[in-house]
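Trainee: Sharing a structure with you now.
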Protein chains: 2
Amino acid sequence: MATQVDKTAVPFDKTALESVLNRRFFYAPAFEIYGGTAGLYDYGPPGSALQANIIAEWRKHFIVEEGMLELDTTIMTPAPVFETSGHVARFADWMVKDTKTGDVLRADHLVKNVLEARLAGDKEARGVAAQPVVEDDKKKKKKAAKSVAVKLADEVVKEYETVLAQLDNFSGPELGDLCRKFVIHNPDTDNEVSEPVQFNLMFKSSIGPTGAYPGYLRPETAQGHFLNFSRLLDFNNGRVPFASAQIGRSFRNEISPRAGLLRVREFTMAEIEHYVDPEDKSHPRFGDVRDTTMVLLDRDTQAGGSTETREMTIGAAVHAGVVANETLGYFMARIHTYLLKIGINPQRLRFRQHMANEMAHYATDCWDAEIHNSTGWTECVGCADRAAYDLTVHSNKTGHPLVVRQALKEPIVEERDVPEWNKKVLGKTYKADAGKITEAVEKLDQAALGEVKTALEGGKATVTLPDGRQFDLTPDVLTITRKTLKQSVREFTPNVIEPSFGLGRILYTLLEHSFWARPPTKEGERAERGVLSLPPLVAPTKVLIVPLSAKEEFDPLVAEVSTKFRKAGIFSRVDDSNASIGKRYARNDELGTPYGITLDFASVKNRTMTLRERDTMDQRIGPIDEVIATVTELVNGTIDWEGACQRLPAYDGVQAVE
Amino acid sequence: MATQVDKTAVPFDKTALESVLNRRFFYAPAFEIYGGTAGLYDYGPPGSALQANIIAEWRKHFIVEEGMLELDTTIMTPAPVFETSGHVARFADWMVKDTKTGDVLRADHLVKNVLEARLAGDKEARGVAAQPVVEDDKKKKKKAAKSVAVKLADEVVKEYETVLAQLDNFSGPELGDLCRKFVIHNPDTDNEVSEPVQFNLMFKSSIGPTGAYPGYLRPETAQGHFLNFSRLLDFNNGRVPFASAQIGRSFRNEISPRAGLLRVREFTMAEIEHYVDPEDKSHPRFGDVRDTTMVLLDRDTQAGGSTETREMTIGAAVHAGVVANETLGYFMARIHTYLLKIGINPQRLRFRQHMANEMAHYATDCWDAEIHNSTGWTECVGCADRAAYDLTVHSNKTGHPLVVRQALKEPIVEERDVPEWNKKVLGKTYKADAGKITEAVEKLDQAALGEVKTALEGGKATVTLPDGRQFDLTPDVLTITRKTLKQSVREFTPNVIEPSFGLGRILYTLLEHSFWARPPTKEGERAERGVLSLPPLVAPTKVLIVPLSAKEEFDPLVAEVSTKFRKAGIFSRVDDSNASIGKRYARNDELGTPYGITLDFASVKNRTMTLRERDTMDQRIGPIDEVIATVTELVNGTIDWEGACQRLPAYDGVQAVE
């Protein structure tokens with residue numbers, strides 16, 4: 001039987017995790033030897049592999065299973081595109097300057113840090129154990145506001161809490177008001193701060209040698225989808241619904257990033273744009289996800305100043321109108337399933353609905369998948385119904401129709417009054433005004449046209465031009481006739497449901513959720529030994545092959561086992577360093593490698609090897625091929641460790657060598 | 001038996017290929033509805049999938065098989081990094097301006113286009129069938145120089161040919177001389193052009209809100225490897241050789257890109273940096289590749305004004321010193337194998353060595369894998385020995401040692417003369433000059449120290465400072481003693497061998513090599529029908545599933561077959577559009593889908609289906625599971641079409657339905 005492991009024996013220690021991630025080169029500050037640049041990180045071998053595995057599963061879960069159309073569009077984007085999309089005008093954060101030092105701070109973060117610190121100080125003063133204020137990055141000079149034990153009036157506490165619950169809802173001027181009202185200063189210097197001003201978050205550059213063509217680095221991949229809509233629709237034989245998907249780099253020139261991978265200036269995203277008939281947002285596969293239970297924090301709850309969540313099935317949420325429509329709900333459920341599959345703790349996942357001011361004006365509904373971590377709740381996936389906004393603005397700007405033309409099964413037949421002109425008399429009578437007069441009449445709705453018709457039957461009708469002038473019309477120049485019209489094609493701009501994934505944030509929160517430490521086994525031992533319990537699905541390396549020594553007689557066996565794993569599609573690595581077996585396993589616990597195999601003299605003699613499971617440290621033994629087959633099933637998820645223990649006997653630490 | 005196909009019956013037609021690539025959305029100009037931006041392209045679904053498959057095979061062939069350490073580093077790079085690497089000063093092309101219109105042209109391309117056009121005109125005048133001058137992109141306003149049938153003197157022809165063979169060898173001022181000497185004007189306007197000036201090809205931006213930190217978009221991924229060298233070395237337990245690898249976007253602000261995917265401003269690269277002991281550039285697996293025969297165009301041949309290639313095994317080339325060392329040769333052979341595996345025509349692949357001026361000053365040797373296409377020979381992979389340049393400059397600039405420290409198996413033991421000082425007497429006697437005097441003596445080599453020793457034995461030695469002053473030294477202040485010294489660690493900066501792949505160029509040339517057309521089958525039929533014979537390994541979709549009609553009774557079977565292919569890891573697509581079977585297959589011939597499966601009424605009744613092979617259009621028939629098994633083997637490369645024909649009987653066009 002598999003051993004039981006208590007992963008909570010040692011409390012979570014962020015410093016210990018950061019030490020592991022840095023030491024094992026999951027990621028590190030970019031340009032470190034040049035002193036680093038805030039908000040830019042490089043992924044080393046385990047981080048790259050983990051990211052690649054997260055992406056591979058994303059591609060399988062979304063692109064392959066849903067038959068999406070993949071795209072790879074450019075990062076560099078000419079300015080007119082982002083002028084149309086609204087990013088040049090609005091893709092900005094509010095920043096304040098320290099009035100003495102000129103240091104730049106993000107306004108909403110400033111308010112949040114200071115008020116949270118005061119609340120923490122209040123709790124301390126009241127003798128309630130406060131949650132420690134988290135310092136995001138120890139190496140940065142600027143620090144989070146320090147809490148001082150000062151008791152606040154009860155109504156002030158309530159007011160601060162209400163502000164914090166609604167923080168994403170405030171405009172720049174409102175943030176300025178808050179700074180004045182609550183006397184919020186730069187916590188580093190205690191100097192006053194300036195009025196908030198907007199800073200556009202797009203990196204700007206120039207395309208070509210002349211300097212005449214400004215360009216921006218995309219802050220999201222979405223525009224690349226929208227601009228190719230006609231081609232995508234054509235590729236899909238002219239039919240909706242369908243989805244495009246893209247995985248790629250995006251850039252945001254953050255004002256003062258200092259939260260590790262959670263707020264960076266360059267990041268890998270995965271975005272889906274699902275195009276749907278605005279009159280029918282049902283989803284054919286909604287039945288598959290209807291019973292998925294999710295943790296929701298809706299808009300009304302937040303507006304009431306609370307952050308209490310409730311559990312609901314997505315079916316019930318859509319039915320009750322909490323979630324706007326089936327397609328949005330379908331993707332929320334699929335996002336939920338994906339995140340659990342790669343190892344996110346379901347207890348630390350919630351979907352939070354955007355509040356009114358927070359949501360783009362055109363959006364119908366928007367939910368963020370937020371993942372809890374040592375800094376609080378962090379948005380990791382956004383899932384928005386963007387309505388027809390993007391396709392409409394690009395179409396209006398370029399004159400290129402971004403629409404679906406759908407043959408109607410039953411043509412729409414209707415009777416309508418239609419104006420008919422005697423062009424000759426018209427020109428002769430009204431000369432230069434003829435055009436304006438016809439235009440004014442053509443614009444009339446059916447009711448108004450009916451009135452004109454009646455008047456004409458009486459001998460004369462009067463038409464008013466937009467400039468106020470009035471003209472009389474007689475039956476010799478205009479007749480109104482009843483006609484039967486048939487419409488056989490319906491033309492519409494599809495709505496877009498957009499699930500948008502920040503892969504770096506998902507990767508980081510997954511690392512926090514996976515990390516724990518084994519307590520020291522005996523008095524005086526070097527404290528905890530960190531373990532990253534990454535699921536085999538995403539673990540950077542699946543199997544570590546450890547030859548007992550670097551002796552050449554192991555070489556053929558190491559090569560054989562490596563080759564067999566490669567053929568089975570299981571990524572393995574050999575560690576033939578001089579370190580002790582124990583040290584090599586400890587290193588790989590930190591790297592999140594789920595399985596370890598030891599080759600020793602008995603392996604050479606008997607063709608057996610031992611198999612170690614990372615979390616339990618259980619060791620089993622079996623013939624080489626059987627162990628490889630077992631590991632293959634474990635990695636592919638067809639058996640669990642309990643199942644493996646039923647196949648392979650426990651290893652008692654001694655292998656017989658005759 | 002499989003049918004024989006003649007793929008050369010219809011001559012290659014670039015316009016036909018471009019029509020297919022555009023129509024089927026392999027790729028398209030980015031921001032097309034905004035009028036496009038030169039040098040920026042978006043990949044649609046088949047292009048994205050083809051690229052993903054090329055990358056997957058690259059990862060397998062290089063990263064997995066060679067156990068490389070993968071990295072994912074940032075694109076945005078602070079300016080100091082590229083100041084150190086030399087890119088700010090030297091990563092530039094020479095451009096000339098039309099003296100009247102101000103149009104900008106790349107100087108070397110101008111010379112090439114004009115001279116090639118004149119040579120073509122000469123051939124025409126001599127009545128020799130000239131190769132048509134290729135217009136790179138029909139939609140661009142600027143055109144390649146047009147050839148006019150004018151005969152040139154024989155010695156002029158010879159001179160032009162020599163210039164063209166050495167084109168990459170000319171500096172900017174030399175290109176200016178050529179423009180004057182050969183009276184080269186802007187072919188669009190016939191105006192004179194200015195003296196060449198340098199234009200830096202890096203896109204510039206600014207990091208953070210202050211504007212004080214300039215940054216560049218990387219023009220290659222390499223610096224991201226070098227800056228992380230210490231961490232990578234540590235990850236590899238301190239040992240060389242090892243390699244890092246990275247796949248990612250890079251940017252070059254080309255002066256006037258107009259060659260489709262062959263010269264773009266944003267592209268995906270795959271780069272390897274292999275770190276090796278400068279004193280031992282042998283490669284442990286060189287034996288595996290020694291007999292690979294390659295087509296080489298060496299430096300001396302080009303310097304002689306010729307472009308004649310020769311075939312050699314890489315073993316012979318390294319042995320003869322044509323290729324500088326085993327590691328460089330090993331990678332050239334591996335690149336060769338990789339390119340053939342994904343479908344590059346070996347007849348149109350050569351390795352060209354860089355000429356003296358073309359190569360970076362620090363490089364030891366450099367070979368480009370060039371692939372022939374409709375525009376000529378194009379560099380698609382560079383393979384350079386960059387020596388210790390990069391690690392040295394970054395280390396010098398930052399003070400961070402980027403070196404390997406290697407424990408010597410046998411410590412180096414040597415006897416040396418060592419100066420020993422009486423510090424007390426030294427300070428008292430020489431006061432402020434004491435430091436300079438000791439420094440001057442410590443710097444002496446063993447021979448000079450020996451002379452001092454002899455002089456001291458005679459009672460007095462004289463030392464000369466760098467400023468020219470001389471001091472006498474006596475045995476009471478300095479003694480020279482013979483000592484035995486042991487050095488147990490060797491410290492060195494590794495050399496770097498860099499294979500660097502332009503994936504977009506490889507993808508485009510592969511599309512050209514794969515494209516052919518079936519001749520019309522009968523008089524009056526719409527001319528050719530294009531086929532992309534992409535190998536199954538990289539084809540965007542492996543199998544097309546075609547139900548005979550959209551009737552619902554096919555749905556369960558379509559679902560069954562799709563699921564079975566997915567489980568077998570074979571990417572399939574269903575085409576249930578209303579088009580005829582023939583049209584659906586023609587569409588998929590253009591998409592490069594190697595296999596097609598038809599489900600008809602007999603399939604429902606008998607559980608059989610037909611299998612069509614793209615190139616031969618052969619059709620075979622068999623039970624559903626047997627056809628799936630056969631296709632799986634075909635795609636995985638364990639059998640070929642000939643083998644499949646032995647398993648499945650030919651389909652005669654009629655399926656029995658009882």
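Residues are referred to by chain and number: the chain letter is A, B, ... according to the order shown in the structure tokens, the number counts from 1 in that chain, and ligands are numbered separately from 1 in the order shown.
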Compile the contact shell of A:Tyr430 as a list in words: residues with an atom at most 10 Å away, counting only C-alpha atoms, same-chain residues fewer than 6 positions apart removed.

Mentor: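 After dropping sequence-adjacent residues, the list is Lys436, Ile437, Phe471 and Leu473 of chain A.
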
Trainee: So that I have them on file, write out the residues from the current selection with all heavy atoms, as an mmCIF file, in the first residue's frame.

Mentor:
```
data_model
loop_
_atom_site.group_PDB
_atom_site.id
_atom_site.type_symbol
_atom_site.label_atom_id
_atom_site.label_comp_id
_atom_site.auth_asym_id
_atom_site.auth_seq_id
_atom_site.Cartn_x
_atom_site.Cartn_y
_atom_site.Cartn_z
ATOM 1 N N LYS A 436 -30.847 65.763 -52.723
ATOM 2 C CA LYS A 436 -31.163 65.873 -51.294
ATOM 3 C C LYS A 436 -32.600 65.458 -51.015
ATOM 4 O O LYS A 436 -32.901 64.868 -49.974
ATOM 5 C CB LYS A 436 -30.950 67.314 -50.817
ATOM 6 C CG LYS A 436 -29.461 67.644 -50.662
ATOM 7 C CD LYS A 436 -29.252 69.091 -50.251
ATOM 8 C CE LYS A 436 -27.793 69.478 -50.407
ATOM 9 N NZ LYS A 436 -27.627 70.924 -50.525
ATOM 10 N N ILE A 437 -33.484 65.793 -51.968
ATOM 11 C CA ILE A 437 -34.901 65.458 -51.785
ATOM 12 C C ILE A 437 -35.106 63.935 -51.821
ATOM 13 O O ILE A 437 -35.754 63.361 -50.945
ATOM 14 C CB ILE A 437 -35.763 66.159 -52.862
ATOM 15 C CG1 ILE A 437 -35.772 67.671 -52.582
ATOM 16 C CG2 ILE A 437 -37.187 65.592 -52.891
ATOM 17 C CD1 ILE A 437 -36.307 68.520 -53.720
ATOM 18 N N PHE A 471 -40.028 71.158 -49.341
ATOM 19 C CA PHE A 471 -40.380 71.095 -50.768
ATOM 20 C C PHE A 471 -41.697 70.360 -50.944
ATOM 21 O O PHE A 471 -41.958 69.384 -50.226
ATOM 22 C CB PHE A 471 -39.284 70.380 -51.572
ATOM 23 C CG PHE A 471 -37.994 71.157 -51.647
ATOM 24 C CD1 PHE A 471 -37.013 71.000 -50.680
ATOM 25 C CD2 PHE A 471 -37.775 72.070 -52.687
ATOM 26 C CE1 PHE A 471 -35.837 71.724 -50.748
ATOM 27 C CE2 PHE A 471 -36.589 72.795 -52.755
ATOM 28 C CZ PHE A 471 -35.615 72.625 -51.776
ATOM 29 N N LEU A 473 -44.046 67.893 -53.184
ATOM 30 C CA LEU A 473 -43.894 66.843 -54.196
ATOM 31 C C LEU A 473 -45.286 66.497 -54.726
ATOM 32 O O LEU A 473 -46.245 66.439 -53.956
ATOM 33 C CB LEU A 473 -43.261 65.603 -53.570
ATOM 34 C CG LEU A 473 -41.837 65.786 -53.003
ATOM 35 C CD1 LEU A 473 -41.432 64.579 -52.180
ATOM 36 C CD2 LEU A 473 -40.843 66.000 -54.155
#
```

Trainee: Select all residues from chain B having any atom no more than 6 Å from an atom of chain A (counting only C-alpha atoms, ignoring ligands), output as a PDB file with C-alpha atoms, in the first residue's frame.

Mentor:
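File out-v1.pdb, as written:
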```pdb
ATOM      1  CA  ASP B  42       0.508  36.268 -39.983  1.00  0.00           C
ATOM      2  CA  TYR B  43       0.317  32.482 -40.127  1.00  0.00           C
ATOM      3  CA  GLY B  44      -3.158  31.017 -40.541  1.00  0.00           C
ATOM      4  CA  PRO B  45      -4.254  27.548 -39.377  1.00  0.00           C
ATOM      5  CA  SER B  48       0.690  27.628 -37.801  1.00  0.00           C
ATOM      6  CA  LEU B  69      19.077  22.649 -21.846  1.00  0.00           C
ATOM      7  CA  GLU B  70      16.100  24.645 -23.055  1.00  0.00           C
ATOM      8  CA  LEU B  71      15.699  28.326 -22.263  1.00  0.00           C
ATOM      9  CA  ASP B  72      12.972  30.928 -22.723  1.00  0.00           C
ATOM     10  CA  THR B  73      14.406  34.415 -22.313  1.00  0.00           C
ATOM     11  CA  LYS B 204      14.170  50.570 -30.210  1.00  0.00           C
ATOM     12  CA  SER B 205      11.806  51.243 -27.328  1.00  0.00           C
ATOM     13  CA  GLY B 208       9.325  51.824 -17.731  1.00  0.00           C
ATOM     14  CA  PRO B 209       7.448  55.125 -17.349  1.00  0.00           C
ATOM     15  CA  ASN B 253      13.847  46.423 -38.689  1.00  0.00           C
ATOM     16  CA  ILE B 255      15.239  48.638 -44.597  1.00  0.00           C
TER      17      ILE B 255
END
```

Trainee: Env of A:Val128: 12 Å cut, atoms = only C-alpha atoms, seq-sep filter 4 positions within chain, self excluded. Answer as a short mmCIF file (atom, residue, chain, number, x, y, z; two decimals) with all heavy atoms, in the first residue's frame.

Mentor:
```
data_model
loop_
_atom_site.label_atom_id
_atom_site.label_comp_id
_atom_site.auth_asym_id
_atom_site.auth_seq_id
_atom_site.Cartn_x
_atom_site.Cartn_y
_atom_site.Cartn_z
N LEU A 119 -4.96 48.50 8.08
CA LEU A 119 -5.87 47.49 8.63
C LEU A 119 -5.08 46.44 9.42
O LEU A 119 -5.52 45.98 10.49
CB LEU A 119 -6.68 46.82 7.52
CG LEU A 119 -7.78 47.69 6.90
CD1 LEU A 119 -8.41 46.97 5.70
CD2 LEU A 119 -8.86 48.02 7.94
N ALA A 120 -3.92 46.08 8.91
CA ALA A 120 -3.08 45.09 9.60
C ALA A 120 -2.63 45.68 10.94
O ALA A 120 -2.64 45.00 11.97
CB ALA A 120 -1.88 44.72 8.73
N GLY A 121 -2.25 46.96 10.93
CA GLY A 121 -1.84 47.64 12.17
C GLY A 121 -2.97 47.69 13.18
O GLY A 121 -2.76 47.51 14.39
N ASP A 122 -4.17 47.90 12.67
CA ASP A 122 -5.35 47.94 13.53
C ASP A 122 -5.57 46.59 14.20
O ASP A 122 -5.79 46.51 15.41
CB ASP A 122 -6.57 48.33 12.69
CG ASP A 122 -7.87 48.20 13.47
OD1 ASP A 122 -8.09 49.02 14.38
OD2 ASP A 122 -8.64 47.26 13.17
N LYS A 123 -5.44 45.53 13.40
CA LYS A 123 -5.64 44.18 13.96
C LYS A 123 -4.59 43.90 15.04
O LYS A 123 -4.90 43.33 16.08
CB LYS A 123 -5.52 43.12 12.86
CG LYS A 123 -6.80 43.01 12.04
CD LYS A 123 -6.86 41.70 11.27
CE LYS A 123 -8.19 41.62 10.54
NZ LYS A 123 -8.12 40.75 9.36
N GLU A 124 -3.38 44.34 14.77
CA GLU A 124 -2.31 44.13 15.72
C GLU A 124 -2.64 44.86 17.02
O GLU A 124 -2.51 44.30 18.12
CB GLU A 124 -1.01 44.67 15.10
CG GLU A 124 0.25 44.00 15.63
CD GLU A 124 1.49 44.59 14.99
OE1 GLU A 124 1.41 44.96 13.79
OE2 GLU A 124 2.51 44.70 15.68
N PRO A 132 0.57 38.40 7.99
CA PRO A 132 1.73 39.24 7.71
C PRO A 132 1.58 39.92 6.35
O PRO A 132 1.09 39.32 5.40
CB PRO A 132 2.90 38.26 7.71
CG PRO A 132 2.29 36.92 7.45
CD PRO A 132 0.89 36.98 7.98
N ALA A 149 1.25 49.25 14.59
CA ALA A 149 0.11 48.88 15.44
C ALA A 149 -0.65 50.11 15.91
O ALA A 149 -0.37 50.66 16.98
CB ALA A 149 0.59 48.04 16.63
N LYS A 151 -4.67 51.51 16.40
CA LYS A 151 -6.06 51.11 16.34
C LYS A 151 -6.85 52.15 15.55
O LYS A 151 -6.59 53.35 15.63
CB LYS A 151 -6.62 50.99 17.78
CG LYS A 151 -8.00 50.37 17.84
CD LYS A 151 -8.35 50.04 19.28
CE LYS A 151 -9.73 49.42 19.39
NZ LYS A 151 -10.81 50.28 18.91
#
```

Trainee: Could you pull out the residues in stretch 381-454 of chain A that DSSP calls strand (DSSP E or B) from the backbone, as an MDAnalysis selection string?

Mentor: chainID A and resid 381:385 404:421

Trainee: Would you write out those residues with N, CA and C atoms, as an mmCIF file, in the first residue's frame?

Mentor:
```cif
data_model
loop_
_atom_site.group_PDB
_atom_site.id
_atom_site.type_symbol
_atom_site.label_atom_id
_atom_site.label_comp_id
_atom_site.auth_asym_id
_atom_site.auth_seq_id
_atom_site.Cartn_x
_atom_site.Cartn_y
_atom_site.Cartn_z
ATOM 1 N N VAL A 381 -6.906 34.005 -15.577
ATOM 2 C CA VAL A 381 -7.604 33.831 -16.847
ATOM 3 C C VAL A 381 -8.780 34.804 -16.860
ATOM 4 N N GLY A 382 -8.934 35.547 -17.943
ATOM 5 C CA GLY A 382 -10.114 36.379 -18.100
ATOM 6 C C GLY A 382 -11.056 35.689 -19.077
ATOM 7 N N CYS A 383 -12.350 35.808 -18.852
ATOM 8 C CA CYS A 383 -13.308 35.182 -19.766
ATOM 9 C C CYS A 383 -14.432 36.185 -20.004
ATOM 10 N N ALA A 384 -14.387 36.863 -21.158
ATOM 11 C CA ALA A 384 -15.282 37.995 -21.398
ATOM 12 C C ALA A 384 -16.147 37.773 -22.625
ATOM 13 N N ASP A 385 -17.353 38.289 -22.553
ATOM 14 C CA ASP A 385 -18.194 38.399 -23.739
ATOM 15 C C ASP A 385 -18.000 39.818 -24.267
ATOM 16 N N VAL A 404 -20.737 37.836 -41.032
ATOM 17 C CA VAL A 404 -21.134 36.504 -41.493
ATOM 18 C C VAL A 404 -22.339 36.685 -42.401
ATOM 19 N N ARG A 405 -22.319 36.050 -43.550
ATOM 20 C CA ARG A 405 -23.490 36.053 -44.432
ATOM 21 C C ARG A 405 -24.060 34.648 -44.414
ATOM 22 N N GLN A 406 -25.281 34.582 -43.890
ATOM 23 C CA GLN A 406 -25.856 33.261 -43.660
ATOM 24 C C GLN A 406 -27.086 33.097 -44.550
ATOM 25 N N ALA A 407 -27.092 32.024 -45.350
ATOM 26 C CA ALA A 407 -28.273 31.757 -46.174
ATOM 27 C C ALA A 407 -29.422 31.408 -45.234
ATOM 28 N N LEU A 408 -30.547 32.117 -45.392
ATOM 29 C CA LEU A 408 -31.696 31.829 -44.545
ATOM 30 C C LEU A 408 -32.392 30.576 -45.041
ATOM 31 N N LYS A 409 -32.742 29.673 -44.134
ATOM 32 C CA LYS A 409 -33.455 28.455 -44.543
ATOM 33 C C LYS A 409 -34.775 28.835 -45.183
ATOM 34 N N GLU A 410 -35.493 29.762 -44.527
ATOM 35 C CA GLU A 410 -36.725 30.290 -45.098
ATOM 36 C C GLU A 410 -36.498 31.773 -45.350
ATOM 37 N N PRO A 411 -36.510 32.188 -46.614
ATOM 38 C CA PRO A 411 -36.313 33.611 -46.895
ATOM 39 C C PRO A 411 -37.384 34.425 -46.175
ATOM 40 N N ILE A 412 -37.010 35.631 -45.737
ATOM 41 C CA ILE A 412 -37.985 36.519 -45.088
ATOM 42 C C ILE A 412 -38.704 37.294 -46.192
ATOM 43 N N VAL A 413 -40.035 37.127 -46.252
ATOM 44 C CA VAL A 413 -40.829 37.800 -47.282
ATOM 45 C C VAL A 413 -41.664 38.857 -46.597
ATOM 46 N N GLU A 414 -41.618 40.115 -47.113
ATOM 47 C CA GLU A 414 -42.486 41.138 -46.515
ATOM 48 C C GLU A 414 -42.957 42.138 -47.575
ATOM 49 N N GLU A 415 -44.115 42.745 -47.280
ATOM 50 C CA GLU A 415 -44.680 43.778 -48.155
ATOM 51 C C GLU A 415 -44.203 45.125 -47.650
ATOM 52 N N ARG A 416 -43.734 45.970 -48.567
ATOM 53 C CA ARG A 416 -43.232 47.281 -48.134
ATOM 54 C C ARG A 416 -43.652 48.355 -49.139
ATOM 55 N N ASP A 417 -43.873 49.570 -48.618
ATOM 56 C CA ASP A 417 -44.044 50.723 -49.490
ATOM 57 C C ASP A 417 -42.684 51.144 -50.013
ATOM 58 N N VAL A 418 -42.588 51.354 -51.332
ATOM 59 C CA VAL A 418 -41.306 51.719 -51.957
ATOM 60 C C VAL A 418 -41.502 52.975 -52.807
ATOM 61 N N PRO A 419 -40.660 54.015 -52.617
ATOM 62 C CA PRO A 419 -40.790 55.221 -53.446
ATOM 63 C C PRO A 419 -40.253 54.986 -54.859
ATOM 64 N N GLU A 420 -40.960 55.506 -55.871
ATOM 65 C CA GLU A 420 -40.471 55.424 -57.258
ATOM 66 C C GLU A 420 -40.510 56.818 -57.865
ATOM 67 N N TRP A 421 -39.432 57.201 -58.523
ATOM 68 C CA TRP A 421 -39.247 58.570 -58.994
ATOM 69 C C TRP A 421 -39.381 58.665 -60.521
#
```

Trainee: When DSSP is applied to the backbone of this structure, which of stretch 407-531 of chain A are assigned helix (DSSP H, G or I)? Write them out as a VMD selection string.

Mentor: chain A and resid 423 to 442 446 to 457 503 to 514

Trainee: Would you mind listing what lies within 6 Å of stretch 582-592 of chain A as a compact mmCIF listing (two decimals) with C-alpha atoms, in the first residue's frame, with only C-alpha atoms counted and same-chain residues fewer than 5 positions away left out?

Mentor:
```txt
# COMPACT_ATOMS: atom_id res chain seq x y z
CA GLY A 530 11.46 21.16 -0.24
CA VAL A 531 9.35 19.15 -2.66
CA LEU A 532 7.49 20.34 -5.74
CA SER A 533 4.59 17.92 -6.17
CA LEU A 534 3.92 18.81 -9.80
```

Trainee: Mind checking which residues fall within 7 Å of A:Met312, counting only C-alpha atoms, ignoring those fewer than 6 positions away in the same chain, and posting them as a VMD selection string?

Mentor: chain A and resid 293 to 295

Trainee: Grab the residues selected above and save them as a compact mmCIF listing (two decimals), in the first residue's frame with C-alpha atoms.

Mentor:
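Result written to again_19.txt:
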```txt
# COMPACT_ATOMS: atom_id res chain seq x y z
CA THR A 293 -19.50 22.94 -9.63
CA MET A 294 -17.67 26.24 -9.47
CA VAL A 295 -16.88 28.88 -6.87
```

Trainee: Which residues, written as a ChimeraX atom specification, have at least one atom at most 8 Å from B:Thr292, with only C-alpha atoms counted and residues fewer than 6 positions away on the same chain left out?

Mentor: /B:313-315,333

Trainee: Write to file, as a PDB file, in the first residue's frame, the residues of the selection just made, with C-alpha atoms.

Mentor:
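Final output, saved to out01.pdb:
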```
ATOM      1  CA  THR B 313      31.733  13.588 -46.391  1.00  0.00           C
ATOM      2  CA  ILE B 314      31.840  15.762 -43.297  1.00  0.00           C
ATOM      3  CA  GLY B 315      34.557  13.438 -41.981  1.00  0.00           C
ATOM      4  CA  ALA B 333      25.787  17.178 -40.457  1.00  0.00           C
TER       5      ALA B 333
END
```

Trainee: Which polymer residues have any atom within 7 Å of an atom of A:Ala107, counting only C-alpha atoms, with same-chain residues fewer than 5 positions away left out, as a list in words?

Mentor: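 Using only C-alpha atoms, the neighbours found are Trp94, Met95, Val96, Leu175 and Pro196 of chain A.
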
Trainee: Given only C-alpha atoms as the basis, pick out the residue of A:Leu297, A:Met269, A:Val635, A:Ile335 nearest to A:Gln353.

Mentor: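 Residue with the minimum atom-to-atom distance to A:Gln353: A:Leu297.
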
Trainee: From the set A:Asn345, A:Thr378, A:Thr638, A:Asn191, which residue has the shortest atom-to-atom contact distance to A:Arg505, counting only C-alpha atoms?

Mentor: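 Of all the options, A:Thr378 lies closest to A:Arg505.
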